[in-house]
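Dumped input21.cif below, it's mmCIF, C-alpha atoms:
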data_data
#
loop_
_atom_site.group_PDB
_atom_site.id
_atom_site.type_symbol
_atom_site.label_atom_id
_atom_site.label_comp_id
_atom_site.auth_asym_id
_atom_site.auth_seq_id
_atom_site.Cartn_x
_atom_site.Cartn_y
_atom_site.Cartn_z
ATOM 1 C CA MET A 1 45.896 26.672 -16.913
ATOM 2 C CA PRO A 2 46.937 23.324 -15.385
ATOM 3 C CA VAL A 3 50.035 21.185 -15.953
ATOM 4 C CA ALA A 4 49.437 17.997 -17.948
ATOM 5 C CA LEU A 5 50.906 15.241 -15.764
ATOM 6 C CA GLU A 6 51.769 11.831 -17.148
ATOM 7 C CA ILE A 7 53.296 9.023 -15.118
ATOM 8 C CA VAL A 8 54.615 6.173 -17.222
ATOM 9 C CA SER A 9 56.163 2.819 -16.373
ATOM 10 C CA PRO A 10 58.123 0.841 -18.966
ATOM 11 C CA GLU A 11 54.955 -1.227 -19.538
ATOM 12 C CA LYS A 12 52.175 1.364 -19.686
ATOM 13 C CA LEU A 13 50.766 4.813 -19.024
ATOM 14 C CA LEU A 14 49.789 4.795 -15.336
ATOM 15 C CA LEU A 15 48.271 8.250 -14.935
ATOM 16 C CA SER A 16 47.408 11.107 -17.247
ATOM 17 C CA ARG A 17 45.558 14.136 -15.907
ATOM 18 C CA PRO A 18 45.802 17.865 -15.438
ATOM 19 C CA VAL A 19 46.989 19.155 -12.049
ATOM 20 C CA ASP A 20 47.510 22.636 -10.671
ATOM 21 C CA MET A 21 50.975 21.666 -9.419
ATOM 22 C CA VAL A 22 53.060 18.518 -9.002
ATOM 23 C CA VAL A 23 56.023 18.133 -6.658
ATOM 24 C CA ILE A 24 58.548 15.502 -7.762
ATOM 25 C CA PRO A 25 61.520 14.001 -5.857
ATOM 26 C CA ALA A 26 64.405 15.054 -8.111
ATOM 27 C CA SER A 27 67.866 13.730 -7.303
ATOM 28 C CA GLU A 28 69.008 17.197 -6.188
ATOM 29 C CA GLY A 29 65.873 17.951 -4.147
ATOM 30 C CA ASP A 30 62.122 18.275 -4.561
ATOM 31 C CA ILE A 31 60.911 20.319 -7.545
ATOM 32 C CA GLY A 32 57.509 21.977 -7.740
ATOM 33 C CA VAL A 33 56.198 22.088 -11.308
ATOM 34 C CA LEU A 34 53.696 24.808 -12.190
ATOM 35 C CA PRO A 35 52.461 25.930 -15.616
ATOM 36 C CA GLY A 36 55.216 27.823 -17.455
ATOM 37 C CA HIS A 37 58.076 25.899 -15.776
ATOM 38 C CA ALA A 38 61.437 26.046 -17.533
ATOM 39 C CA PRO A 39 62.114 22.987 -19.704
ATOM 40 C CA MET A 40 64.402 20.389 -18.118
ATOM 41 C CA ILE A 41 65.060 16.706 -17.708
ATOM 42 C CA VAL A 42 65.871 15.523 -14.177
ATOM 43 C CA MET A 43 66.759 12.248 -12.505
ATOM 44 C CA LEU A 44 64.410 11.166 -9.727
ATOM 45 C CA ARG A 45 65.363 9.614 -6.424
ATOM 46 C CA GLY A 46 63.076 7.302 -4.474
ATOM 47 C CA GLY A 47 60.379 9.454 -2.922
ATOM 48 C CA THR A 48 56.855 10.792 -3.098
ATOM 49 C CA ILE A 49 55.174 12.635 -5.949
ATOM 50 C CA ALA A 50 52.475 14.990 -4.643
ATOM 51 C CA LEU A 51 49.613 16.076 -6.926
ATOM 52 C CA TYR A 52 47.915 19.367 -6.104
ATOM 53 C CA GLU A 53 44.510 20.845 -6.877
ATOM 54 C CA GLY A 54 44.702 24.421 -5.632
ATOM 55 C CA ASP A 55 46.580 24.312 -2.314
ATOM 56 C CA THR A 56 45.434 20.762 -1.506
ATOM 57 C CA VAL A 57 47.392 17.548 -2.054
ATOM 58 C CA THR A 58 44.909 15.242 -3.768
ATOM 59 C CA ASP A 59 47.150 12.229 -4.380
ATOM 60 C CA GLN A 60 50.557 10.937 -3.367
ATOM 61 C CA LEU A 61 52.484 8.325 -5.307
ATOM 62 C CA PHE A 62 55.740 6.633 -4.340
ATOM 63 C CA VAL A 63 58.345 6.343 -7.103
ATOM 64 C CA GLY A 64 61.478 4.261 -6.804
ATOM 65 C CA GLY A 65 63.517 6.550 -9.064
ATOM 66 C CA GLY A 66 63.474 7.317 -12.773
ATOM 67 C CA PHE A 67 63.404 10.478 -14.849
ATOM 68 C CA ALA A 68 61.086 13.426 -15.396
ATOM 69 C CA GLU A 69 60.798 15.637 -18.449
ATOM 70 C CA ILE A 70 59.371 19.059 -17.679
ATOM 71 C CA THR A 71 58.096 21.545 -20.262
ATOM 72 C CA PRO A 72 56.072 24.724 -19.712
ATOM 73 C CA GLU A 73 52.833 22.735 -20.280
ATOM 74 C CA ARG A 74 53.670 19.182 -19.179
ATOM 75 C CA CYS A 75 55.483 16.975 -16.660
ATOM 76 C CA THR A 76 56.177 13.409 -17.800
ATOM 77 C CA VAL A 77 57.544 10.981 -15.219
ATOM 78 C CA LEU A 78 59.138 7.711 -16.321
ATOM 79 C CA ALA A 79 59.568 5.405 -13.330
ATOM 80 C CA SER A 80 60.166 1.695 -12.975
ATOM 81 C CA GLU A 81 58.261 1.549 -9.681
ATOM 82 C CA VAL A 82 55.113 3.544 -8.888
ATOM 83 C CA ALA A 83 52.573 2.891 -6.113
ATOM 84 C CA PRO A 84 49.916 4.949 -4.326
ATOM 85 C CA VAL A 85 51.356 5.872 -0.921
ATOM 86 C CA ALA A 86 48.185 4.650 0.804
ATOM 87 C CA GLU A 87 48.854 1.117 -0.508
ATOM 88 C CA LEU A 88 52.428 0.840 0.787
ATOM 89 C CA ASN A 89 53.310 -1.870 3.312
ATOM 90 C CA ARG A 90 55.745 -1.216 6.195
ATOM 91 C CA THR A 91 56.754 -4.893 6.539
ATOM 92 C CA ASP A 92 57.709 -5.064 2.853
ATOM 93 C CA ALA A 93 59.604 -1.769 3.129
ATOM 94 C CA ASP A 94 61.549 -2.972 6.183
ATOM 95 C CA GLN A 95 62.412 -6.184 4.314
ATOM 96 C CA ARG A 96 63.656 -4.193 1.295
ATOM 97 C CA LEU A 97 65.869 -2.081 3.546
ATOM 98 C CA ALA A 98 67.292 -5.150 5.301
ATOM 99 C CA GLU A 99 68.076 -6.773 1.929
ATOM 100 C CA ALA A 100 69.713 -3.590 0.615
ATOM 101 C CA ASP A 101 71.806 -3.204 3.773
ATOM 102 C CA ALA A 102 72.850 -6.879 3.612
ATOM 103 C CA ALA A 103 73.854 -6.502 -0.047
ATOM 104 C CA LEU A 104 75.880 -3.406 0.804
ATOM 105 C CA ALA A 105 77.636 -5.154 3.704
ATOM 106 C CA SER A 106 78.601 -8.151 1.556
ATOM 107 C CA LEU A 107 80.125 -6.186 -1.340
ATOM 108 C CA ASP A 108 83.731 -6.382 -2.419
ATOM 109 C CA PRO A 109 85.289 -3.027 -1.374
ATOM 110 C CA ASP A 110 86.483 -2.509 -4.963
ATOM 111 C CA ASP A 111 83.023 -3.022 -6.519
ATOM 112 C CA PHE A 112 82.136 0.624 -6.988
ATOM 113 C CA VAL A 113 79.260 -0.045 -9.387
ATOM 114 C CA GLY A 114 77.749 -2.622 -7.035
ATOM 115 C CA GLU A 115 78.171 -0.234 -4.137
ATOM 116 C CA GLU A 116 76.377 2.563 -6.009
ATOM 117 C CA MET A 117 73.499 0.238 -6.890
ATOM 118 C CA ALA A 118 73.219 -1.059 -3.310
ATOM 119 C CA LEU A 119 73.301 2.481 -1.908
ATOM 120 C CA GLU A 120 70.530 3.494 -4.313
ATOM 121 C CA ARG A 121 68.405 0.495 -3.266
ATOM 122 C CA ALA A 122 68.927 1.373 0.416
ATOM 123 C CA GLN A 123 68.029 5.030 -0.188
ATOM 124 C CA THR A 124 64.866 4.016 -2.040
ATOM 125 C CA ALA A 125 63.870 1.652 0.785
ATOM 126 C CA ARG A 126 64.425 4.437 3.341
ATOM 127 C CA ALA A 127 62.319 6.816 1.221
ATOM 128 C CA LEU A 128 59.593 4.156 1.097
ATOM 129 C CA ILE A 129 59.613 3.844 4.901
ATOM 130 C CA GLU A 130 59.529 7.635 5.233
ATOM 131 C CA ALA A 131 56.509 7.843 2.900
ATOM 132 C CA ILE A 132 54.689 5.197 4.962
ATOM 133 C CA GLU A 133 55.505 6.960 8.248
ATOM 134 C CA ASP A 134 54.261 10.260 6.811
ATOM 135 C CA VAL A 135 50.902 8.648 5.940
ATOM 136 C CA ILE A 136 50.656 7.103 9.427
ATOM 137 C CA ALA A 137 51.390 10.513 10.985
ATOM 138 C CA GLY A 138 48.685 12.077 8.799
ATOM 139 C CA GLY A 139 51.079 14.340 6.935
ATOM 140 C CA HIS A 140 51.404 15.056 3.218
#
Render the structure in this file as structure tokens.
Amino acid sequence: MPVALEIVSPEKLLLSRPVDMVVIPASEGDIGVLPGHAPMIVMLRGGTIALYEGDTVTDQLFVGGGFAEITPERCTVLASEVAPVAELNRTDADQRLAEADAALASLDPDDFVGEEMALERAQTARALIEAIEDVIAGGH
């Protein structure tokens, strides 16, 4: 019995299909979702979602953060940014990291909200670069 996976952006349903397992980048660490998983809602960090058929990763998608709702039968991901890992661009990722680092460096030391947002942008850019490097290295 597979897990019904749905990946949704604020604009539309991006993917809806059954998978044997999905691994999502939760804020506290990666979570593998199999049929019968305990219900939970988790925050996502920037990272890669891996879709499995049997023991094989069939697809990898980069998410820039968001939330996931997990039930025993379903995993629904709501993310503002989703892209197939194979379509990611290293130049764009490097530019995003440079912009995030520049924003962080120029912040007022007392702007804690701005600092948190800039740190999150930098972490997402680093996760994007890591996902690209993993594809180049031939990993999953």
Please write as a PDB file with C-alpha atoms, in the frame of the given file the list of polymer residues whose atoms come within 7 Å of (52.5, 7.9, -4.6), counting only C-alpha atoms and keeping to the coordinates of the file.
ATOM      1  CA  THR A  48      56.855  10.792  -3.098  1.00  0.00           C
ATOM      2  CA  ILE A  49      55.174  12.635  -5.949  1.00  0.00           C
ATOM      3  CA  ASP A  59      47.150  12.229  -4.380  1.00  0.00           C
ATOM      4  CA  GLN A  60      50.557  10.937  -3.367  1.00  0.00           C
ATOM      5  CA  LEU A  61      52.484   8.325  -5.307  1.00  0.00           C
ATOM      6  CA  PHE A  62      55.740   6.633  -4.340  1.00  0.00           C
ATOM      7  CA  VAL A  63      58.345   6.343  -7.103  1.00  0.00           C
ATOM      8  CA  VAL A  82      55.113   3.544  -8.888  1.00  0.00           C
ATOM      9  CA  ALA A  83      52.573   2.891  -6.113  1.00  0.00           C
ATOM     10  CA  PRO A  84      49.916   4.949  -4.326  1.00  0.00           C
ATOM     11  CA  VAL A  85      51.356   5.872  -0.921  1.00  0.00           C
TER      12      VAL A  85
END
Counting all atoms listed in the file, the residue of A:Glu81, A:Asp55, A:Asp111, A:Asp20 that sits nearest A:Phe67: A:Glu81
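The interatomic distance for the pair atom CA of A:Met21 and atom CA of A:Tyr52 works out to 5.1 Å.
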Expand the PyMOL selection byres ((chain A and resi 14) around 12) into the individual residues it matches in the shown file, reporting them as an MDAnalysis selection string. chainID A and resid 5:13 15:17 61 63 76:84
Could those selected residues go to a file with C-alpha atoms, as a PDB file, keeping the file's coordinate frame?
ATOM      1  CA  LEU A   5      50.906  15.241 -15.764  1.00  0.00           C
ATOM      2  CA  GLU A   6      51.769  11.831 -17.148  1.00  0.00           C
ATOM      3  CA  ILE A   7      53.296   9.023 -15.118  1.00  0.00           C
ATOM      4  CA  VAL A   8      54.615   6.173 -17.222  1.00  0.00           C
ATOM      5  CA  SER A   9      56.163   2.819 -16.373  1.00  0.00           C
ATOM      6  CA  PRO A  10      58.123   0.841 -18.966  1.00  0.00           C
ATOM      7  CA  GLU A  11      54.955  -1.227 -19.538  1.00  0.00           C
ATOM      8  CA  LYS A  12      52.175   1.364 -19.686  1.00  0.00           C
ATOM      9  CA  LEU A  13      50.766   4.813 -19.024  1.00  0.00           C
ATOM     10  CA  LEU A  15      48.271   8.250 -14.935  1.00  0.00           C
ATOM     11  CA  SER A  16      47.408  11.107 -17.247  1.00  0.00           C
ATOM     12  CA  ARG A  17      45.558  14.136 -15.907  1.00  0.00           C
ATOM     13  CA  LEU A  61      52.484   8.325  -5.307  1.00  0.00           C
ATOM     14  CA  VAL A  63      58.345   6.343  -7.103  1.00  0.00           C
ATOM     15  CA  THR A  76      56.177  13.409 -17.800  1.00  0.00           C
ATOM     16  CA  VAL A  77      57.544  10.981 -15.219  1.00  0.00           C
ATOM     17  CA  LEU A  78      59.138   7.711 -16.321  1.00  0.00           C
ATOM     18  CA  ALA A  79      59.568   5.405 -13.330  1.00  0.00           C
ATOM     19  CA  SER A  80      60.166   1.695 -12.975  1.00  0.00           C
ATOM     20  CA  GLU A  81      58.261   1.549  -9.681  1.00  0.00           C
ATOM     21  CA  VAL A  82      55.113   3.544  -8.888  1.00  0.00           C
ATOM     22  CA  ALA A  83      52.573   2.891  -6.113  1.00  0.00           C
ATOM     23  CA  PRO A  84      49.916   4.949  -4.326  1.00  0.00           C
TER      24      PRO A  84
END
Using all atoms listed in the file, can you tell me which of A:Ala86, A:Leu44, A:Val19, A:Val57 comes closest to A:Ile31? A:Leu44
Please provide the set of residues having any atom within 10 Å of A:Gly46, restricted to all atoms listed in the file, with same-chain residues fewer than 3 positions apart removed, written as a list in words.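 So, after excluding close chain neighbours, the residues are Ile24, Pro25, Ala26, Ser27, Ile49, Phe62, Val63, Gly64, Gly65, Gly66, Ala79, Glu81, Val82, Glu120, Arg121, Ala122, Gln123, Thr124, Ala125, Arg126, Ala127, Leu128 and Ala131 of chain A.
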Could you write out that same residue set with C-alpha atoms as a PDB file, keeping the file's coordinate frame?
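Listed below is the output, out-v8.pdb:
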ATOM      1  CA  ILE A  24      58.548  15.502  -7.762  1.00  0.00           C
ATOM      2  CA  PRO A  25      61.520  14.001  -5.857  1.00  0.00           C
ATOM      3  CA  ALA A  26      64.405  15.054  -8.111  1.00  0.00           C
ATOM      4  CA  SER A  27      67.866  13.730  -7.303  1.00  0.00           C
ATOM      5  CA  ILE A  49      55.174  12.635  -5.949  1.00  0.00           C
ATOM      6  CA  PHE A  62      55.740   6.633  -4.340  1.00  0.00           C
ATOM      7  CA  VAL A  63      58.345   6.343  -7.103  1.00  0.00           C
ATOM      8  CA  GLY A  64      61.478   4.261  -6.804  1.00  0.00           C
ATOM      9  CA  GLY A  65      63.517   6.550  -9.064  1.00  0.00           C
ATOM     10  CA  GLY A  66      63.474   7.317 -12.773  1.00  0.00           C
ATOM     11  CA  ALA A  79      59.568   5.405 -13.330  1.00  0.00           C
ATOM     12  CA  GLU A  81      58.261   1.549  -9.681  1.00  0.00           C
ATOM     13  CA  VAL A  82      55.113   3.544  -8.888  1.00  0.00           C
ATOM     14  CA  GLU A 120      70.530   3.494  -4.313  1.00  0.00           C
ATOM     15  CA  ARG A 121      68.405   0.495  -3.266  1.00  0.00           C
ATOM     16  CA  ALA A 122      68.927   1.373   0.416  1.00  0.00           C
ATOM     17  CA  GLN A 123      68.029   5.030  -0.188  1.00  0.00           C
ATOM     18  CA  THR A 124      64.866   4.016  -2.040  1.00  0.00           C
ATOM     19  CA  ALA A 125      63.870   1.652   0.785  1.00  0.00           C
ATOM     20  CA  ARG A 126      64.425   4.437   3.341  1.00  0.00           C
ATOM     21  CA  ALA A 127      62.319   6.816   1.221  1.00  0.00           C
ATOM     22  CA  LEU A 128      59.593   4.156   1.097  1.00  0.00           C
ATOM     23  CA  ALA A 131      56.509   7.843   2.900  1.00  0.00           C
TER      24      ALA A 131
END
What does the structure give for the distance between atom CA of A:Arg90 and atom CA of A:Ala68, in Å to one decimal?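 Atom CA of A:Ala68 lies 26.6 Å from atom CA of A:Arg90.
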Using atom CA of A:Ile70 and atom CA of A:Glu28 as the two end points, give the distance in Å to one decimal. 15.1 Å
Could you check which of A:Gln95, A:Val22, A:Leu104, A:Glu130 is closest to A:Thr58, using all atoms listed in the file?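 Ranked by minimum distance to A:Thr58, first place goes to A:Val22.
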Would you please work out which residue, of A:Val3, A:Ala98, A:Met117, A:Cys75, is nearest to A:Ile41 when using all atoms listed in the file?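 Once distances to A:Ile41 are computed over all atoms listed in the file, the minimum belongs to A:Cys75.
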Rank nothing, just name the residue among A:Val33, A:Ala137, A:Leu51, A:Ala93 nearest to A:Glu69, using only C-alpha atoms.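 Among the listed residues, A:Val33 lies closest to A:Glu69.
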Which of A:Leu119, A:Ile129, A:Met40, A:Met1 sits closest to A:Thr71 [using all atoms listed in the file]: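 Counting all atoms listed in the file, the residue closest to A:Thr71 is A:Met40.
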